[in-house]
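Okay, structure first, notes after.
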Amino acid sequence: MNFFSATVAGRMDENQRKEITTNEQGEHKVHAFRPRGQLCVTVLTDSEYPSRVAFGLASKILDDFTKLFGRHQYIDTNEMLTLPSLNDYIVSYQDPKQEDNIMKLQQELDQTTAVMRSTIEQLMDRGGKLNDLVDKSNYLSTSSRTFLKSAKKANSCCIIM
């Protein structure tokens with residue numbers, strides 16, 4: 001991965017973002033980000049990881065790195081530079097929904113939509129039940145009128161003394 005990252009970084013122009021699939025099956029992607037200057041950040045993810053979140057992570061890593069080491073201090077050194085916050089980022093970005101506000105919002109919208117659909121279905125079921133009750137009420141009303149008419153006819157022929 002070091003060789004691949006170094007190769008990608010060497011081919012990046014300033015102010016460029018690239019998303020590169022690492023093999024023919026498309027199992028992994030490298031998200032490369034090079035703003036102004038010499039530094040390039042690469043983030044290796046699986047193919048389903050959202051690009052926006054990966055580039056957001058790259059931007060945070062770059063900001064932390066430049067705050068810690070400055071903009072040009074790292075150019076002349078061959079030693080391994082470590083970023084203390086990198087492990088924390090790796091852990092927290094395992095679930096992109098936790099780090100990306102847009103994905104959080106989308107998840108909340110999906111949940112709200114599911115609740116609304118369920119509520120609408122329940123209302124429609126209740127509406128159907130209300131229609132059945134109205135039909136039964138109309139039938140009962142018609143039946144009672146018919147019964148009343150036949151009772152009046154039956155009682156009109158009989159005289160009570």
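Quick note on naming: the chains in the structure tokens go A, B, ... in the order shown, residues restart at 1 in each chain, and ligands are numbered from 1 in order of appearance.
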
Practice item. Apply DSSP to the backbone of this structure and, from region 33-142 of chain A, keep only the residues in helix (DSSP H, G or I); write these as a ChimeraX atom specification. Key: /A:51-69,86-92,96-99,101-142

**Study point:** Using only C-alpha atoms: which of A:Leu62, A:Asn2, A:Met116, A:Arg11 has the shortest distance to Leu44 (chain A)
**Key:**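 Nearest candidate to Leu44 (chain A) out of A:Leu62, A:Asn2, A:Met116, A:Arg11: A:Asn2.
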
Practice item. Please identify all polymer residues within 10 Å of Phe65 (chain A), counting only C-alpha atoms, omitting same-chain residues fewer than 6 positions from it, and present them as a list in words. Key: Leu39, Ser59, Arg71, Tyr74, Leu81, Thr82, Leu83, Pro84, Ser85 and Leu86 of chain A

Export, as a compact mmCIF listing (two decimals), in the first residue's frame, the selected residues with all heavy atoms.
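Once written, out_23.txt looks like this:
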```
# COMPACT_ATOMS: atom_id res chain seq x y z
N LEU A 39 2.04 18.11 -0.03
CA LEU A 39 1.45 16.97 0.66
C LEU A 39 0.27 16.38 -0.12
O LEU A 39 -0.53 17.10 -0.68
CB LEU A 39 0.91 17.41 2.02
CG LEU A 39 1.75 17.04 3.22
CD1 LEU A 39 1.10 17.54 4.49
CD2 LEU A 39 2.02 15.59 3.31
N SER A 59 -9.10 15.28 4.52
CA SER A 59 -8.94 16.71 4.85
C SER A 59 -8.61 16.90 6.32
O SER A 59 -7.73 17.70 6.67
CB SER A 59 -10.22 17.45 4.47
OG SER A 59 -10.10 18.81 4.78
N ARG A 71 4.08 23.16 7.41
CA ARG A 71 3.84 22.92 5.99
C ARG A 71 5.05 22.38 5.23
O ARG A 71 4.91 21.69 4.26
CB ARG A 71 3.34 24.20 5.32
CG ARG A 71 1.99 24.61 5.79
CD ARG A 71 1.30 25.44 4.73
NE ARG A 71 -0.05 25.72 5.14
CZ ARG A 71 -1.11 24.99 4.80
NH1 ARG A 71 -0.96 23.94 4.04
NH2 ARG A 71 -2.30 25.31 5.22
N TYR A 74 8.42 18.54 6.83
CA TYR A 74 8.47 17.12 6.51
C TYR A 74 9.16 16.83 5.17
O TYR A 74 9.49 15.70 4.87
CB TYR A 74 7.07 16.53 6.48
CG TYR A 74 6.14 17.31 5.60
CD1 TYR A 74 6.07 17.07 4.24
CD2 TYR A 74 5.34 18.32 6.13
CE1 TYR A 74 5.25 17.82 3.43
CE2 TYR A 74 4.51 19.06 5.33
CZ TYR A 74 4.46 18.80 3.98
OH TYR A 74 3.63 19.55 3.18
N LEU A 81 7.13 9.74 10.14
CA LEU A 81 6.38 10.72 10.93
C LEU A 81 5.05 10.10 11.33
O LEU A 81 4.35 9.53 10.50
CB LEU A 81 6.14 11.99 10.10
CG LEU A 81 7.39 12.70 9.59
CD1 LEU A 81 7.01 13.87 8.70
CD2 LEU A 81 8.24 13.19 10.75
N THR A 82 4.71 10.21 12.61
CA THR A 82 3.45 9.62 13.07
C THR A 82 2.49 10.72 13.50
O THR A 82 2.90 11.74 14.05
CB THR A 82 3.69 8.66 14.25
OG1 THR A 82 4.33 9.38 15.30
CG2 THR A 82 4.54 7.48 13.83
N LEU A 83 1.25 10.46 13.23
CA LEU A 83 0.18 11.39 13.60
C LEU A 83 -0.63 10.76 14.72
O LEU A 83 -1.31 9.75 14.50
CB LEU A 83 -0.69 11.67 12.37
CG LEU A 83 -1.81 12.68 12.54
CD1 LEU A 83 -1.24 14.07 12.83
CD2 LEU A 83 -2.64 12.76 11.25
N PRO A 84 -0.55 11.30 15.94
CA PRO A 84 -1.24 10.67 17.07
C PRO A 84 -2.75 10.51 16.89
O PRO A 84 -3.34 9.53 17.34
CB PRO A 84 -0.93 11.62 18.25
CG PRO A 84 0.27 12.38 17.83
CD PRO A 84 0.22 12.47 16.34
N SER A 85 -3.38 11.45 16.22
CA SER A 85 -4.85 11.39 16.07
C SER A 85 -5.29 10.40 15.00
O SER A 85 -6.48 10.13 14.87
CB SER A 85 -5.39 12.77 15.75
OG SER A 85 -4.84 13.27 14.55
N LEU A 86 -4.35 9.83 14.24
CA LEU A 86 -4.71 8.94 13.14
C LEU A 86 -5.47 7.70 13.62
O LEU A 86 -6.48 7.31 13.02
CB LEU A 86 -3.46 8.53 12.36
CG LEU A 86 -3.72 7.69 11.11
CD1 LEU A 86 -4.59 8.45 10.12
CD2 LEU A 86 -2.41 7.29 10.46
```

Check your understanding: Which parts of chain A does DSSP call strand (DSSP E or B) when run on the backbone here, written out as a PyMOL selection string?
Key -> chain A and resi 16-21+28-34+41-46

How about saving the chosen residues, N, CA, C and O atoms kept, as a tab-separated table (two decimals), in the first residue's frame?
```
chain	number	residue	atom	x	y	z
A	16	GLN	N	-6.31	18.70	-6.49
A	16	GLN	CA	-6.96	17.60	-7.20
A	16	GLN	C	-7.40	16.53	-6.21
A	16	GLN	O	-6.74	16.26	-5.22
A	17	ARG	N	-8.54	15.94	-6.54
A	17	ARG	CA	-9.05	14.78	-5.81
A	17	ARG	C	-9.24	13.66	-6.81
A	17	ARG	O	-9.77	13.88	-7.89
A	18	LYS	N	-8.84	12.46	-6.42
A	18	LYS	CA	-9.02	11.30	-7.30
A	18	LYS	C	-9.56	10.14	-6.49
A	18	LYS	O	-9.21	9.96	-5.32
A	19	GLU	N	-10.38	9.36	-7.15
A	19	GLU	CA	-10.87	8.12	-6.57
A	19	GLU	C	-10.44	7.01	-7.52
A	19	GLU	O	-10.83	6.99	-8.68
A	20	ILE	N	-9.62	6.09	-7.04
A	20	ILE	CA	-9.02	5.07	-7.89
A	20	ILE	C	-9.42	3.69	-7.36
A	20	ILE	O	-9.27	3.40	-6.18
A	21	THR	N	-9.93	2.85	-8.27
A	21	THR	CA	-10.23	1.47	-7.92
A	21	THR	C	-8.94	0.67	-8.00
A	21	THR	O	-8.21	0.76	-8.99
A	28	HIS	N	-11.64	-2.45	-3.53
A	28	HIS	CA	-11.09	-1.36	-2.73
A	28	HIS	C	-10.96	-0.10	-3.58
A	28	HIS	O	-10.83	-0.19	-4.80
A	29	LYS	N	-10.95	1.02	-2.89
A	29	LYS	CA	-10.74	2.30	-3.57
A	29	LYS	C	-9.71	3.10	-2.78
A	29	LYS	O	-9.63	3.00	-1.56
A	30	VAL	N	-8.93	3.86	-3.52
A	30	VAL	CA	-8.01	4.80	-2.91
A	30	VAL	C	-8.55	6.19	-3.21
A	30	VAL	O	-8.79	6.53	-4.37
A	31	HIS	N	-8.75	6.95	-2.17
A	31	HIS	CA	-9.22	8.33	-2.30
A	31	HIS	C	-8.00	9.21	-2.05
A	31	HIS	O	-7.46	9.21	-0.94
A	32	ALA	N	-7.56	9.90	-3.08
A	32	ALA	CA	-6.35	10.73	-2.97
A	32	ALA	C	-6.74	12.20	-3.02
A	32	ALA	O	-7.59	12.60	-3.82
A	33	PHE	N	-6.11	12.99	-2.16
A	33	PHE	CA	-6.43	14.41	-2.06
A	33	PHE	C	-5.13	15.19	-1.93
A	33	PHE	O	-4.34	14.94	-1.03
A	34	ARG	N	-4.91	16.12	-2.87
A	34	ARG	CA	-3.73	16.97	-2.80
A	34	ARG	C	-4.18	18.42	-2.97
A	34	ARG	O	-4.49	18.88	-4.05
A	41	VAL	N	-2.69	13.22	0.59
A	41	VAL	CA	-3.24	12.25	1.54
A	41	VAL	C	-3.98	11.19	0.75
A	41	VAL	O	-4.77	11.51	-0.14
A	42	THR	N	-3.74	9.92	1.08
A	42	THR	CA	-4.49	8.83	0.45
A	42	THR	C	-5.22	8.05	1.55
A	42	THR	O	-4.67	7.81	2.63
A	43	VAL	N	-6.45	7.68	1.25
A	43	VAL	CA	-7.27	6.91	2.18
A	43	VAL	C	-7.74	5.67	1.43
A	43	VAL	O	-8.40	5.77	0.39
A	44	LEU	N	-7.43	4.49	1.95
A	44	LEU	CA	-7.83	3.23	1.35
A	44	LEU	C	-9.11	2.76	2.02
A	44	LEU	O	-9.18	2.66	3.24
A	45	THR	N	-10.14	2.47	1.21
A	45	THR	CA	-11.43	2.02	1.74
A	45	THR	C	-11.95	0.85	0.91
A	45	THR	O	-11.40	0.54	-0.15
A	46	ASP	N	-13.01	0.22	1.38
A	46	ASP	CA	-13.68	-0.75	0.53
A	46	ASP	C	-14.53	-0.01	-0.50
A	46	ASP	O	-14.68	1.20	-0.42
```
